[in-house]
Amino acid sequence: MNFWKRRLPLALTVIYGLLGFTLQIVPAFKGFLDIQNMWMPIIFGFSIIIGVASLTKYHATKIRREPEERLFSIITFASLILMAVVGLIGMPQQAGFFKSFYQNLFNYVYVPLQATIFSLLAFYITSAAYRAFKVSEWISTLLLVSGFIVMLGRVAFGPFMIFGELSEWIMAVPTVAAMRGLMIGIGLGIMATAIKIILGIERSYLGGE
Amino acid sequence: MAENKEQKQKDKWYVQIMSIKKPYVYLGMFLVVIIPFLANLKIKTYETDLVKEVYQKVEKIHEYNLNHPDKKKGVLIGFDYGPSTTPECDPIAYSVFRHLFLRDIPIVVWAPYGPYLELADSRLNRIAKEYKANYGKDYVFMGLAYPATAYMVSTSSDLRPVFNTDYYGNDVYDLKILDRFNNYDNFGLVITISGTAMPEYWLRYANSLYNQEVSVGTTAVNAAKFYPYANSGQFTGMIAGLKGAAEYEQKVTRLEKELIGKDIKPYLRNLYTEKNRSKFNKEYFNPKFNEGEIRTAMLRRHQAGRGMSSQFGAHIYVIILIIIGNIGYFFKRKAEKDRTKRRRGV
Amino acid sequence: MEAISILFWPTIAVLLSVAIYTFLWKDNMVYKIAEHIFMGVSVGYSIAYSYHKILIPKLWVPVKRFLSQGNYILAIYFIFGGLIGLLYISRFTDKTSWLSRYPIAITVGFYAGFRIVPVWMTMVSKQLNATIKDPTGSPLLNGKLFEAFFNNPTWGNFIHAINGPLIVVGVLLVLIYFFFSFSNDNFVVKISRKPALVILMLGFGGAFGYTFMARISLFIGRMNFIFSEWPELIKSTLGG
């Protein structure tokens, strides 16, 4: 194994993993834990570079190779540069043209676009439920019936209140049991993976080679 | 010959009802949501125990503060949601803030990510304005708490050194509210309003390590996952999705009518006068209500309730669609079985 | 003039929202433009946010403070952190992208170690505890509740008595189902498959109902903006 490409990163994982575990459980090290917790975000701050790098590579290729998609890639770069410049200048200001431009871009472009793209899921889930929810065995009927009861129960009023009570029971008993079983299993899995990482057994995050 | 058979299959009624085109399905969804919404239909929702638990915990804090005015407890709010989940989490945030301001419980707010900051700033000050709350005395917005886990751990001793300043640049040691409300001992409750898995981090670091009581207001997607935590008492109650928001809204509106009076409009109109306007720092909100703002404030009090009527329509619609699809599927399978039997019989 | 400046940006928001919804009819140029604007704006926002909210307050300000206090070790450690973070630039070319393994290794390693104990306490220990006792301290397998039911046999008392044992049995069945998911001739494993599936299907049905509700709420929220908040703004700006 190449020292710089695999051994040293692996060694750093083990060192920092043991550090994270020890600082967490030894109360006397709280000061060091606070310092380390303040140090970690520095790395996150630079991780945006990965996003910018992938986006740039992808759209630069599109501009070169796909003339019919060129306009959209140019729009992406233009809006990226506009928001980055306006944000870099306007974000720390208290008032002024760039500050209000940045706030307007955020509140009236970023927020509505993100919210609307997420809201498309309402249509997709309806269409998917209509097409895919086909009952073939009695077990899948249970899923469907329990889904119906909970959906009716959440909007129940007046004559529909029986669904409300049934849906409360479904959430309080079988859902708790199922999710709890899953959660215990997932929790043990997370711990096992974490231990494997800090012992250097799990190495998939390092990528190839 | 084979093509004729295939075409005949496609023309059968049970195949047709199984394959309604997507644009028509979407159009149906749009109509069942928009019609009740525009008709301003309001459905009164029944109240569940989990939401009652959160409400009663806040009321207990209020009672405790009345009996111990020198040893008041505050509430720490983790404003842990962003633009994509505002439809569900905004009504929760509004009603929680409303409840806390009505009961004069000191509030400390922080947000763990950048996009959440602007939302937190606008939502908090919008509601603070309706109750003449003083920034720095009744409430404070600390700003960015990133990484959130570090701040959750630091709040066990004192959150001031890790912040240095609040969101607006004020020194943390100049803000009166933070003299007392800077660690878990003086927070009666943490309420995390979230559209992500952040409440789990609150449980891991605030609740498990420091026994801090945590309540959660969350989207319905995550609510199903959090039910075991609410059942085990790790969460002190849960406000789940738009329905949970509608329930909490109902309770707080009842409380507001009890404390302020049935008609909130005159209360808002007369809240800020020439005499008291100067007491409020315009950096946080403009101490004046115009008619448009009053109308919006009234609409906001029933935001989740209005949404519930559209929810009802949408739920009935999708149940009917699934039943129709399954009727078609049932008859299609029956026809295939009959054809197979006939072929074997021949 | 003032009306235009108040209404301009909210109208842009409405137009962009409608542009996204045109995708429901079919993929078209208007939708693609809005989508690509969103991609650019979100990455651009992250750049500005990373600089002003993370790098300046978490790197620049502390290093200045440590240097002024004479705490050179911490200042060097923080600058070292900045240099490690800068290694992400190596992702721009395939030849040097292996350098980005350093910051990834440190992040993955630290948080793996950091989370072991809290995950154990929150997801495993307290959940197992809650399967034995409920939050009030009474056991889930509660003989007293069954006694109350036999003394006064109503539906309500029956449900109260049976809920606890159902949760205990349900959690055990689900755990057996997932732990022994490989083919197994053990009697307990075989007999518990169908009941475990029943619990899982009921549970996931509930989760589906909630998920569906959440998705619809997102759409209702946008409708609230387009059909309630925006017309209200127009009314109050133009109507006075």
# chains A, B, ... in the order shown; residues from 1 in each chain; ligands from 1

$ residues_around --residues "Leu152 in chain A" --least-positions-apart "6" --cutoff "10 Å" --atoms "only C-alpha atoms" --output "VMD selection string"
(chain A and resid 146 160 to 164 166 to 167) or (chain B and resid 311 to 312 315 to 316 319) or (chain C and resid 209)

$ write_last_selection --atoms "N, CA and C atoms" --output "PDB file, in the first residue's frame"
ATOM      1  N   SER A 146     -53.470  -0.337   6.486  1.00  0.00           N
ATOM      2  CA  SER A 146     -52.941   0.492   7.580  1.00  0.00           C
ATOM      3  C   SER A 146     -52.608   1.895   7.063  1.00  0.00           C
ATOM      4  N   PHE A 160     -65.885  10.550  10.916  1.00  0.00           N
ATOM      5  CA  PHE A 160     -64.709   9.755  10.584  1.00  0.00           C
ATOM      6  C   PHE A 160     -63.821   9.500  11.793  1.00  0.00           C
ATOM      7  N   MET A 161     -64.247   9.900  12.996  1.00  0.00           N
ATOM      8  CA  MET A 161     -63.338   9.860  14.149  1.00  0.00           C
ATOM      9  C   MET A 161     -62.817   8.468  14.478  1.00  0.00           C
ATOM     10  N   ILE A 162     -63.565   7.421  14.096  1.00  0.00           N
ATOM     11  CA  ILE A 162     -63.088   6.057  14.387  1.00  0.00           C
ATOM     12  C   ILE A 162     -61.723   5.834  13.738  1.00  0.00           C
ATOM     13  N   PHE A 163     -61.533   6.453  12.548  1.00  0.00           N
ATOM     14  CA  PHE A 163     -60.238   6.319  11.890  1.00  0.00           C
ATOM     15  C   PHE A 163     -59.158   7.018  12.694  1.00  0.00           C
ATOM     16  N   GLY A 164     -59.545   8.130  13.316  1.00  0.00           N
ATOM     17  CA  GLY A 164     -58.590   8.850  14.156  1.00  0.00           C
ATOM     18  C   GLY A 164     -58.068   7.964  15.281  1.00  0.00           C
ATOM     19  N   LEU A 166     -58.201   4.655  15.473  1.00  0.00           N
ATOM     20  CA  LEU A 166     -57.453   3.519  14.930  1.00  0.00           C
ATOM     21  C   LEU A 166     -56.051   3.943  14.501  1.00  0.00           C
ATOM     22  N   SER A 167     -55.952   5.115  13.878  1.00  0.00           N
ATOM     23  CA  SER A 167     -54.636   5.551  13.400  1.00  0.00           C
ATOM     24  C   SER A 167     -53.732   5.863  14.583  1.00  0.00           C
TER      25      SER A 167
ATOM     26  N   GLN B 311     -55.685  18.869   2.880  1.00  0.00           N
ATOM     27  CA  GLN B 311     -55.142  17.541   3.202  1.00  0.00           C
ATOM     28  C   GLN B 311     -56.241  16.495   3.083  1.00  0.00           C
ATOM     29  N   PHE B 312     -57.406  16.830   3.650  1.00  0.00           N
ATOM     30  CA  PHE B 312     -58.529  15.896   3.622  1.00  0.00           C
ATOM     31  C   PHE B 312     -58.850  15.517   2.187  1.00  0.00           C
ATOM     32  N   HIS B 315     -56.072  13.326   0.629  1.00  0.00           N
ATOM     33  CA  HIS B 315     -56.028  11.960   1.139  1.00  0.00           C
ATOM     34  C   HIS B 315     -57.155  11.117   0.543  1.00  0.00           C
ATOM     35  N   ILE B 316     -58.368  11.680   0.520  1.00  0.00           N
ATOM     36  CA  ILE B 316     -59.502  10.940  -0.065  1.00  0.00           C
ATOM     37  C   ILE B 316     -59.215  10.649  -1.535  1.00  0.00           C
ATOM     38  N   ILE B 319     -56.680   7.816  -1.950  1.00  0.00           N
ATOM     39  CA  ILE B 319     -57.268   6.532  -1.554  1.00  0.00           C
ATOM     40  C   ILE B 319     -58.183   6.021  -2.679  1.00  0.00           C
TER      41      ILE B 319
ATOM     42  N   GLY C 209     -48.503   6.583   5.389  1.00  0.00           N
ATOM     43  CA  GLY C 209     -49.561   7.588   5.561  1.00  0.00           C
ATOM     44  C   GLY C 209     -48.971   8.936   5.962  1.00  0.00           C
TER      45      GLY C 209
END

$ interface_residues --of "chain B" --to "chain A" --cutoff "9 Å" --atoms "only C-alpha atoms" --output "PDB file with N, CA and C atoms, in the first residue's frame"
ATOM      1  N   MET B  18     -56.581   1.353 -14.919  1.00  0.00           N
ATOM      2  CA  MET B  18     -55.273   1.158 -14.272  1.00  0.00           C
ATOM      3  C   MET B  18     -54.216   2.089 -14.832  1.00  0.00           C
ATOM      4  N   SER B  19     -54.538   2.709 -15.992  1.00  0.00           N
ATOM      5  CA  SER B  19     -53.474   3.489 -16.646  1.00  0.00           C
ATOM      6  C   SER B  19     -53.961   4.883 -17.032  1.00  0.00           C
ATOM      7  N   LYS B  22     -50.695  10.498 -16.525  1.00  0.00           N
ATOM      8  CA  LYS B  22     -50.151  11.285 -15.404  1.00  0.00           C
ATOM      9  C   LYS B  22     -50.702  12.717 -15.334  1.00  0.00           C
ATOM     10  N   VAL B  25     -53.934  12.755 -13.541  1.00  0.00           N
ATOM     11  CA  VAL B  25     -53.766  12.469 -12.112  1.00  0.00           C
ATOM     12  C   VAL B  25     -53.297  13.735 -11.403  1.00  0.00           C
ATOM     13  N   TYR B  26     -52.313  14.431 -12.018  1.00  0.00           N
ATOM     14  CA  TYR B  26     -51.778  15.646 -11.393  1.00  0.00           C
ATOM     15  C   TYR B  26     -52.846  16.736 -11.328  1.00  0.00           C
ATOM     16  N   MET B  29     -55.136  16.111  -8.529  1.00  0.00           N
ATOM     17  CA  MET B  29     -54.487  16.465  -7.254  1.00  0.00           C
ATOM     18  C   MET B  29     -54.525  17.970  -7.038  1.00  0.00           C
ATOM     19  N   PHE B  30     -54.224  18.719  -8.079  1.00  0.00           N
ATOM     20  CA  PHE B  30     -54.235  20.175  -7.981  1.00  0.00           C
ATOM     21  C   PHE B  30     -55.625  20.681  -7.578  1.00  0.00           C
ATOM     22  N   ILE B  43     -61.211  22.912   8.931  1.00  0.00           N
ATOM     23  CA  ILE B  43     -61.661  21.724   9.656  1.00  0.00           C
ATOM     24  C   ILE B  43     -61.064  21.786  11.054  1.00  0.00           C
ATOM     25  N   LYS B  44     -61.910  21.589  12.054  1.00  0.00           N
ATOM     26  CA  LYS B  44     -61.399  21.549  13.424  1.00  0.00           C
ATOM     27  C   LYS B  44     -60.785  20.178  13.622  1.00  0.00           C
ATOM     28  N   THR B  45     -59.535  20.141  14.067  1.00  0.00           N
ATOM     29  CA  THR B  45     -58.857  18.864  14.182  1.00  0.00           C
ATOM     30  C   THR B  45     -58.886  18.376  15.626  1.00  0.00           C
ATOM     31  N   TYR B  46     -58.933  17.039  15.794  1.00  0.00           N
ATOM     32  CA  TYR B  46     -58.938  16.504  17.154  1.00  0.00           C
ATOM     33  C   TYR B  46     -57.532  16.579  17.731  1.00  0.00           C
ATOM     34  N   THR B  48     -54.314  15.355  20.007  1.00  0.00           N
ATOM     35  CA  THR B  48     -53.682  14.095  20.402  1.00  0.00           C
ATOM     36  C   THR B  48     -52.829  14.288  21.655  1.00  0.00           C
ATOM     37  N   GLY B  82     -35.371  24.406   7.172  1.00  0.00           N
ATOM     38  CA  GLY B  82     -34.994  25.319   6.106  1.00  0.00           C
ATOM     39  C   GLY B  82     -36.127  25.565   5.137  1.00  0.00           C
ATOM     40  N   PRO B  83     -35.807  26.236   4.031  1.00  0.00           N
ATOM     41  CA  PRO B  83     -36.842  26.648   3.082  1.00  0.00           C
ATOM     42  C   PRO B  83     -37.702  25.493   2.558  1.00  0.00           C
ATOM     43  N   SER B  84     -37.098  24.285   2.440  1.00  0.00           N
ATOM     44  CA  SER B  84     -37.863  23.216   1.801  1.00  0.00           C
ATOM     45  C   SER B  84     -38.986  22.687   2.680  1.00  0.00           C
ATOM     46  N   THR B  85     -38.934  22.909   3.988  1.00  0.00           N
ATOM     47  CA  THR B  85     -39.990  22.357   4.848  1.00  0.00           C
ATOM     48  C   THR B  85     -40.799  23.431   5.549  1.00  0.00           C
ATOM     49  N   THR B  86     -40.748  24.658   5.023  1.00  0.00           N
ATOM     50  CA  THR B  86     -41.507  25.744   5.664  1.00  0.00           C
ATOM     51  C   THR B  86     -43.010  25.466   5.737  1.00  0.00           C
ATOM     52  N   PRO B  87     -43.642  24.812   4.736  1.00  0.00           N
ATOM     53  CA  PRO B  87     -45.095  24.632   4.845  1.00  0.00           C
ATOM     54  C   PRO B  87     -45.519  23.896   6.108  1.00  0.00           C
ATOM     55  N   PRO B 115     -28.793  28.577   5.567  1.00  0.00           N
ATOM     56  CA  PRO B 115     -30.106  28.921   5.001  1.00  0.00           C
ATOM     57  C   PRO B 115     -31.195  29.048   6.061  1.00  0.00           C
ATOM     58  N   GLU B 118     -31.818  33.111   7.987  1.00  0.00           N
ATOM     59  CA  GLU B 118     -32.714  34.186   7.530  1.00  0.00           C
ATOM     60  C   GLU B 118     -34.149  33.856   7.901  1.00  0.00           C
ATOM     61  N   LEU B 119     -34.519  32.578   7.766  1.00  0.00           N
ATOM     62  CA  LEU B 119     -35.865  32.158   8.141  1.00  0.00           C
ATOM     63  C   LEU B 119     -36.105  32.418   9.618  1.00  0.00           C
ATOM     64  N   TYR B 146     -22.929  26.181  14.350  1.00  0.00           N
ATOM     65  CA  TYR B 146     -22.388  25.154  13.474  1.00  0.00           C
ATOM     66  C   TYR B 146     -20.990  24.786  13.922  1.00  0.00           C
ATOM     67  N   PRO B 147     -20.637  23.518  14.179  1.00  0.00           N
ATOM     68  CA  PRO B 147     -21.535  22.370  14.111  1.00  0.00           C
ATOM     69  C   PRO B 147     -22.425  22.279  15.344  1.00  0.00           C
ATOM     70  N   THR B 149     -23.646  19.955  17.097  1.00  0.00           N
ATOM     71  CA  THR B 149     -23.307  19.053  18.200  1.00  0.00           C
ATOM     72  C   THR B 149     -22.344  19.720  19.171  1.00  0.00           C
ATOM     73  N   ALA B 150     -21.408  20.514  18.657  1.00  0.00           N
ATOM     74  CA  ALA B 150     -20.464  21.204  19.538  1.00  0.00           C
ATOM     75  C   ALA B 150     -21.197  22.174  20.457  1.00  0.00           C
ATOM     76  N   TYR B 151     -22.174  22.882  19.914  1.00  0.00           N
ATOM     77  CA  TYR B 151     -22.924  23.850  20.711  1.00  0.00           C
ATOM     78  C   TYR B 151     -23.832  23.157  21.710  1.00  0.00           C
ATOM     79  N   VAL B 153     -23.156  20.355  23.160  1.00  0.00           N
ATOM     80  CA  VAL B 153     -22.284  19.896  24.234  1.00  0.00           C
ATOM     81  C   VAL B 153     -21.842  21.085  25.094  1.00  0.00           C
ATOM     82  N   SER B 154     -21.514  22.217  24.451  1.00  0.00           N
ATOM     83  CA  SER B 154     -21.056  23.391  25.205  1.00  0.00           C
ATOM     84  C   SER B 154     -22.144  23.993  26.072  1.00  0.00           C
ATOM     85  N   VAL B 162     -18.854  30.139  23.152  1.00  0.00           N
ATOM     86  CA  VAL B 162     -18.773  29.546  21.806  1.00  0.00           C
ATOM     87  C   VAL B 162     -19.443  30.439  20.766  1.00  0.00           C
ATOM     88  N   TYR B 168     -26.946  39.475  15.459  1.00  0.00           N
ATOM     89  CA  TYR B 168     -26.904  40.870  15.029  1.00  0.00           C
ATOM     90  C   TYR B 168     -25.590  41.553  15.415  1.00  0.00           C
ATOM     91  N   ALA B 224     -42.857   9.582  11.837  1.00  0.00           N
ATOM     92  CA  ALA B 224     -43.023   8.127  11.967  1.00  0.00           C
ATOM     93  C   ALA B 224     -41.765   7.509  12.578  1.00  0.00           C
ATOM     94  N   LYS B 225     -40.599   8.046  12.182  1.00  0.00           N
ATOM     95  CA  LYS B 225     -39.319   7.541  12.696  1.00  0.00           C
ATOM     96  C   LYS B 225     -39.133   7.911  14.162  1.00  0.00           C
ATOM     97  N   PHE B 226     -39.707   9.059  14.587  1.00  0.00           N
ATOM     98  CA  PHE B 226     -39.478   9.532  15.943  1.00  0.00           C
ATOM     99  C   PHE B 226     -40.483   8.982  16.954  1.00  0.00           C
ATOM    100  N   TYR B 227     -41.491   8.248  16.473  1.00  0.00           N
ATOM    101  CA  TYR B 227     -42.492   7.719  17.397  1.00  0.00           C
ATOM    102  C   TYR B 227     -41.891   6.886  18.527  1.00  0.00           C
ATOM    103  N   PRO B 228     -40.906   6.013  18.246  1.00  0.00           N
ATOM    104  CA  PRO B 228     -40.309   5.263  19.371  1.00  0.00           C
ATOM    105  C   PRO B 228     -39.690   6.173  20.421  1.00  0.00           C
ATOM    106  N   TYR B 229     -39.092   7.302  19.984  1.00  0.00           N
ATOM    107  CA  TYR B 229     -38.497   8.212  20.964  1.00  0.00           C
ATOM    108  C   TYR B 229     -39.583   8.900  21.794  1.00  0.00           C
ATOM    109  N   ASN B 231     -42.528   7.645  22.381  1.00  0.00           N
ATOM    110  CA  ASN B 231     -43.114   6.594  23.219  1.00  0.00           C
ATOM    111  C   ASN B 231     -42.243   6.306  24.435  1.00  0.00           C
ATOM    112  N   LYS B 243     -50.839  18.392  10.719  1.00  0.00           N
ATOM    113  CA  LYS B 243     -51.904  18.108  11.690  1.00  0.00           C
ATOM    114  C   LYS B 243     -51.471  18.514  13.093  1.00  0.00           C
ATOM    115  N   MET B 308     -55.459  21.869   6.482  1.00  0.00           N
ATOM    116  CA  MET B 308     -56.024  20.548   6.786  1.00  0.00           C
ATOM    117  C   MET B 308     -57.187  20.184   5.868  1.00  0.00           C
ATOM    118  N   SER B 309     -57.955  21.195   5.426  1.00  0.00           N
ATOM    119  CA  SER B 309     -59.080  20.869   4.540  1.00  0.00           C
ATOM    120  C   SER B 309     -58.551  20.358   3.199  1.00  0.00           C
ATOM    121  N   GLN B 311     -55.685  18.869   2.880  1.00  0.00           N
ATOM    122  CA  GLN B 311     -55.142  17.541   3.202  1.00  0.00           C
ATOM    123  C   GLN B 311     -56.241  16.495   3.083  1.00  0.00           C
ATOM    124  N   PHE B 312     -57.406  16.830   3.650  1.00  0.00           N
ATOM    125  CA  PHE B 312     -58.529  15.896   3.622  1.00  0.00           C
ATOM    126  C   PHE B 312     -58.850  15.517   2.187  1.00  0.00           C
ATOM    127  N   HIS B 315     -56.072  13.326   0.629  1.00  0.00           N
ATOM    128  CA  HIS B 315     -56.028  11.960   1.139  1.00  0.00           C
ATOM    129  C   HIS B 315     -57.155  11.117   0.543  1.00  0.00           C
ATOM    130  N   ILE B 316     -58.368  11.680   0.520  1.00  0.00           N
ATOM    131  CA  ILE B 316     -59.502  10.940  -0.065  1.00  0.00           C
ATOM    132  C   ILE B 316     -59.215  10.649  -1.535  1.00  0.00           C
ATOM    133  N   VAL B 318     -56.303  10.284  -3.144  1.00  0.00           N
ATOM    134  CA  VAL B 318     -55.324   9.239  -3.425  1.00  0.00           C
ATOM    135  C   VAL B 318     -55.858   7.864  -3.008  1.00  0.00           C
ATOM    136  N   ILE B 319     -56.680   7.816  -1.950  1.00  0.00           N
ATOM    137  CA  ILE B 319     -57.268   6.532  -1.554  1.00  0.00           C
ATOM    138  C   ILE B 319     -58.183   6.021  -2.679  1.00  0.00           C
ATOM    139  N   LEU B 321     -57.984   6.781  -5.857  1.00  0.00           N
ATOM    140  CA  LEU B 321     -57.137   6.382  -6.994  1.00  0.00           C
ATOM    141  C   LEU B 321     -56.557   4.992  -6.780  1.00  0.00           C
ATOM    142  N   ILE B 322     -56.051   4.732  -5.562  1.00  0.00           N
ATOM    143  CA  ILE B 322     -55.436   3.426  -5.298  1.00  0.00           C
ATOM    144  C   ILE B 322     -56.497   2.334  -5.388  1.00  0.00           C
ATOM    145  N   ILE B 323     -57.700   2.610  -4.868  1.00  0.00           N
ATOM    146  CA  ILE B 323     -58.767   1.598  -4.940  1.00  0.00           C
ATOM    147  C   ILE B 323     -59.134   1.324  -6.394  1.00  0.00           C
ATOM    148  N   ILE B 324     -59.247   2.392  -7.190  1.00  0.00           N
ATOM    149  CA  ILE B 324     -59.574   2.222  -8.623  1.00  0.00           C
ATOM    150  C   ILE B 324     -58.500   1.381  -9.294  1.00  0.00           C
ATOM    151  N   GLY B 325     -57.232   1.710  -9.020  1.00  0.00           N
ATOM    152  CA  GLY B 325     -56.136   0.946  -9.618  1.00  0.00           C
ATOM    153  C   GLY B 325     -56.200  -0.512  -9.234  1.00  0.00           C
ATOM    154  N   ASN B 326     -56.548  -0.776  -7.985  1.00  0.00           N
ATOM    155  CA  ASN B 326     -56.604  -2.159  -7.525  1.00  0.00           C
ATOM    156  C   ASN B 326     -57.809  -2.908  -8.077  1.00  0.00           C
ATOM    157  N   TYR B 329     -56.721  -3.909 -11.421  1.00  0.00           N
ATOM    158  CA  TYR B 329     -55.728  -4.985 -11.307  1.00  0.00           C
ATOM    159  C   TYR B 329     -56.408  -6.303 -10.992  1.00  0.00           C
ATOM    160  N   PHE B 330     -57.404  -6.270 -10.081  1.00  0.00           N
ATOM    161  CA  PHE B 330     -58.121  -7.481  -9.692  1.00  0.00           C
ATOM    162  C   PHE B 330     -58.814  -8.103 -10.900  1.00  0.00           C
TER     163      PHE B 330
END

$ residues_around --residues "Leu19 in chain A" --least-positions-apart "2" --cutoff "12 Å" --atoms "only C-alpha atoms" --output "VMD selection string"
(chain A and resid 12 to 17 21 to 26 29 32 to 33 36 to 37 198) or (chain C and resid 106 to 107 109 to 115)

$ write_last_selection --atoms "N, CA and C atoms" --output "short mmCIF file (atom, residue, chain, number, x, y, z; two decimals), in the first residue's frame"
data_model
loop_
_atom_site.label_atom_id
_atom_site.label_comp_id
_atom_site.auth_asym_id
_atom_site.auth_seq_id
_atom_site.Cartn_x
_atom_site.Cartn_y
_atom_site.Cartn_z
N LEU A 12 -4.45 8.61 9.98
CA LEU A 12 -5.16 9.81 10.49
C LEU A 12 -6.57 9.44 10.94
N THR A 13 -7.24 8.56 10.18
CA THR A 13 -8.59 8.13 10.58
C THR A 13 -8.56 7.48 11.94
N VAL A 14 -7.58 6.57 12.13
CA VAL A 14 -7.50 5.85 13.39
C VAL A 14 -7.20 6.82 14.54
N ILE A 15 -6.24 7.73 14.31
CA ILE A 15 -5.86 8.68 15.36
C ILE A 15 -7.05 9.56 15.74
N TYR A 16 -7.69 10.16 14.73
CA TYR A 16 -8.81 11.05 15.03
C TYR A 16 -10.02 10.31 15.55
N GLY A 17 -10.18 9.06 15.10
CA GLY A 17 -11.29 8.26 15.61
C GLY A 17 -11.12 7.99 17.09
N PHE A 21 -13.45 9.43 20.24
CA PHE A 21 -14.05 8.55 21.24
C PHE A 21 -13.58 8.92 22.65
N THR A 22 -12.27 9.13 22.79
CA THR A 22 -11.72 9.41 24.13
C THR A 22 -12.19 10.74 24.67
N LEU A 23 -12.15 11.77 23.83
CA LEU A 23 -12.57 13.10 24.29
C LEU A 23 -14.02 13.07 24.72
N GLN A 24 -14.82 12.22 24.07
CA GLN A 24 -16.25 12.13 24.37
C GLN A 24 -16.49 11.54 25.76
N ILE A 25 -15.71 10.49 26.10
CA ILE A 25 -16.06 9.75 27.31
C ILE A 25 -15.27 10.17 28.54
N VAL A 26 -14.19 10.92 28.38
CA VAL A 26 -13.42 11.33 29.56
C VAL A 26 -13.80 12.77 29.90
N PHE A 29 -11.37 15.84 29.75
CA PHE A 29 -10.90 16.37 28.46
C PHE A 29 -11.90 17.30 27.81
N PHE A 32 -10.46 20.10 25.69
CA PHE A 32 -9.89 19.65 24.42
C PHE A 32 -11.00 19.30 23.43
N LEU A 33 -12.09 18.74 23.95
CA LEU A 33 -13.22 18.41 23.08
C LEU A 33 -13.81 19.66 22.45
N GLN A 36 -11.47 20.80 19.71
CA GLN A 36 -11.56 19.94 18.53
C GLN A 36 -12.88 20.16 17.81
N ASN A 37 -13.96 20.37 18.56
CA ASN A 37 -15.27 20.64 17.94
C ASN A 37 -15.26 21.96 17.18
N ILE A 198 -12.70 3.23 12.99
CA ILE A 198 -11.59 3.73 13.81
C ILE A 198 -10.54 2.65 14.05
N ILE C 106 -9.95 12.49 8.12
CA ILE C 106 -10.03 13.12 9.45
C ILE C 106 -11.49 13.28 9.86
N THR C 107 -12.33 13.78 8.95
CA THR C 107 -13.75 14.01 9.27
C THR C 107 -14.43 12.68 9.62
N GLY C 109 -13.13 9.81 10.49
CA GLY C 109 -12.58 9.20 11.69
C GLY C 109 -13.09 9.85 12.97
N PHE C 110 -13.00 11.19 13.01
CA PHE C 110 -13.39 11.88 14.25
C PHE C 110 -14.84 11.63 14.59
N TYR C 111 -15.73 11.81 13.59
CA TYR C 111 -17.15 11.67 13.91
C TYR C 111 -17.56 10.24 14.14
N ALA C 112 -16.80 9.27 13.57
CA ALA C 112 -17.08 7.88 13.88
C ALA C 112 -16.83 7.62 15.36
N GLY C 113 -15.70 8.08 15.87
CA GLY C 113 -15.41 7.91 17.28
C GLY C 113 -16.34 8.70 18.18
N PHE C 114 -16.67 9.91 17.73
CA PHE C 114 -17.49 10.82 18.53
C PHE C 114 -18.88 10.29 18.77
N ARG C 115 -19.38 9.51 17.80
CA ARG C 115 -20.80 9.16 17.89
C ARG C 115 -21.06 7.82 18.55
#

$ residues_around --residues "range 34-49 of chain C" --least-positions-apart "3" --cutoff "6 Å" --atoms "only C-alpha atoms" --output "PyMOL selection string"
(chain A and resi 76+79-80+83-84+87-88) or (chain C and resi 31+52-53)

$ write_last_selection --atoms "N, CA and C atoms" --output "tab-separated table (two decimals), in the first residue's frame"
chain	number	residue	atom	x	y	z
A	76	THR	N	-26.50	28.31	-15.52
A	76	THR	CA	-26.03	27.81	-14.21
A	76	THR	C	-24.83	28.62	-13.74
A	79	SER	N	-25.80	32.28	-12.81
A	79	SER	CA	-26.49	32.44	-11.51
A	79	SER	C	-25.54	32.09	-10.36
A	80	LEU	N	-24.63	31.15	-10.56
A	80	LEU	CA	-23.66	30.82	-9.52
A	80	LEU	C	-22.78	32.03	-9.23
A	83	MET	N	-24.85	34.95	-7.56
A	83	MET	CA	-25.19	34.72	-6.14
A	83	MET	C	-23.92	34.75	-5.29
A	84	ALA	N	-22.82	34.17	-5.80
A	84	ALA	CA	-21.58	34.13	-5.02
A	84	ALA	C	-21.06	35.56	-4.78
A	87	GLY	N	-23.54	37.53	-2.60
A	87	GLY	CA	-23.48	37.01	-1.24
A	87	GLY	C	-22.18	37.37	-0.54
A	88	LEU	N	-21.06	37.25	-1.24
A	88	LEU	CA	-19.76	37.56	-0.62
A	88	LEU	C	-19.69	39.02	-0.20
C	31	TYR	N	-38.91	25.12	-17.55
C	31	TYR	CA	-38.55	24.36	-16.35
C	31	TYR	C	-37.04	24.23	-16.24
C	52	HIS	N	-18.29	33.42	4.77
C	52	HIS	CA	-18.64	34.37	5.83
C	52	HIS	C	-19.07	33.72	7.12
C	53	LYS	N	-19.65	32.53	7.06
C	53	LYS	CA	-20.20	31.94	8.29
C	53	LYS	C	-19.33	30.83	8.84

$ residues_around --residues "Val171 in chain C" --least-positions-apart "3" --cutoff "12 Å" --atoms "only C-alpha atoms" --output "ChimeraX atom specification"
/A:173-185 /B:228 /C:127-128,130-132,164-168,174-179,192,195-197,199-200,203

$ closest_residue --among "A:Val52, A:Met191, A:Leu82, A:Leu121" --to "Tyr102 in chain A" --atoms "only C-alpha atoms"
A:Leu82

$ decode --residues "range 175-179 of chain B" --atoms "C-alpha atoms" --output "tab-separated table (two decimals), in the first residue's frame"
chain	number	residue	atom	x	y	z
B	175	LEU	CA	-27.42	40.73	26.57
B	176	LYS	CA	-29.33	40.60	29.86
B	177	ILE	CA	-31.27	37.46	29.00
B	178	LEU	CA	-28.06	35.46	28.65
B	179	ASP	CA	-26.91	36.29	32.19
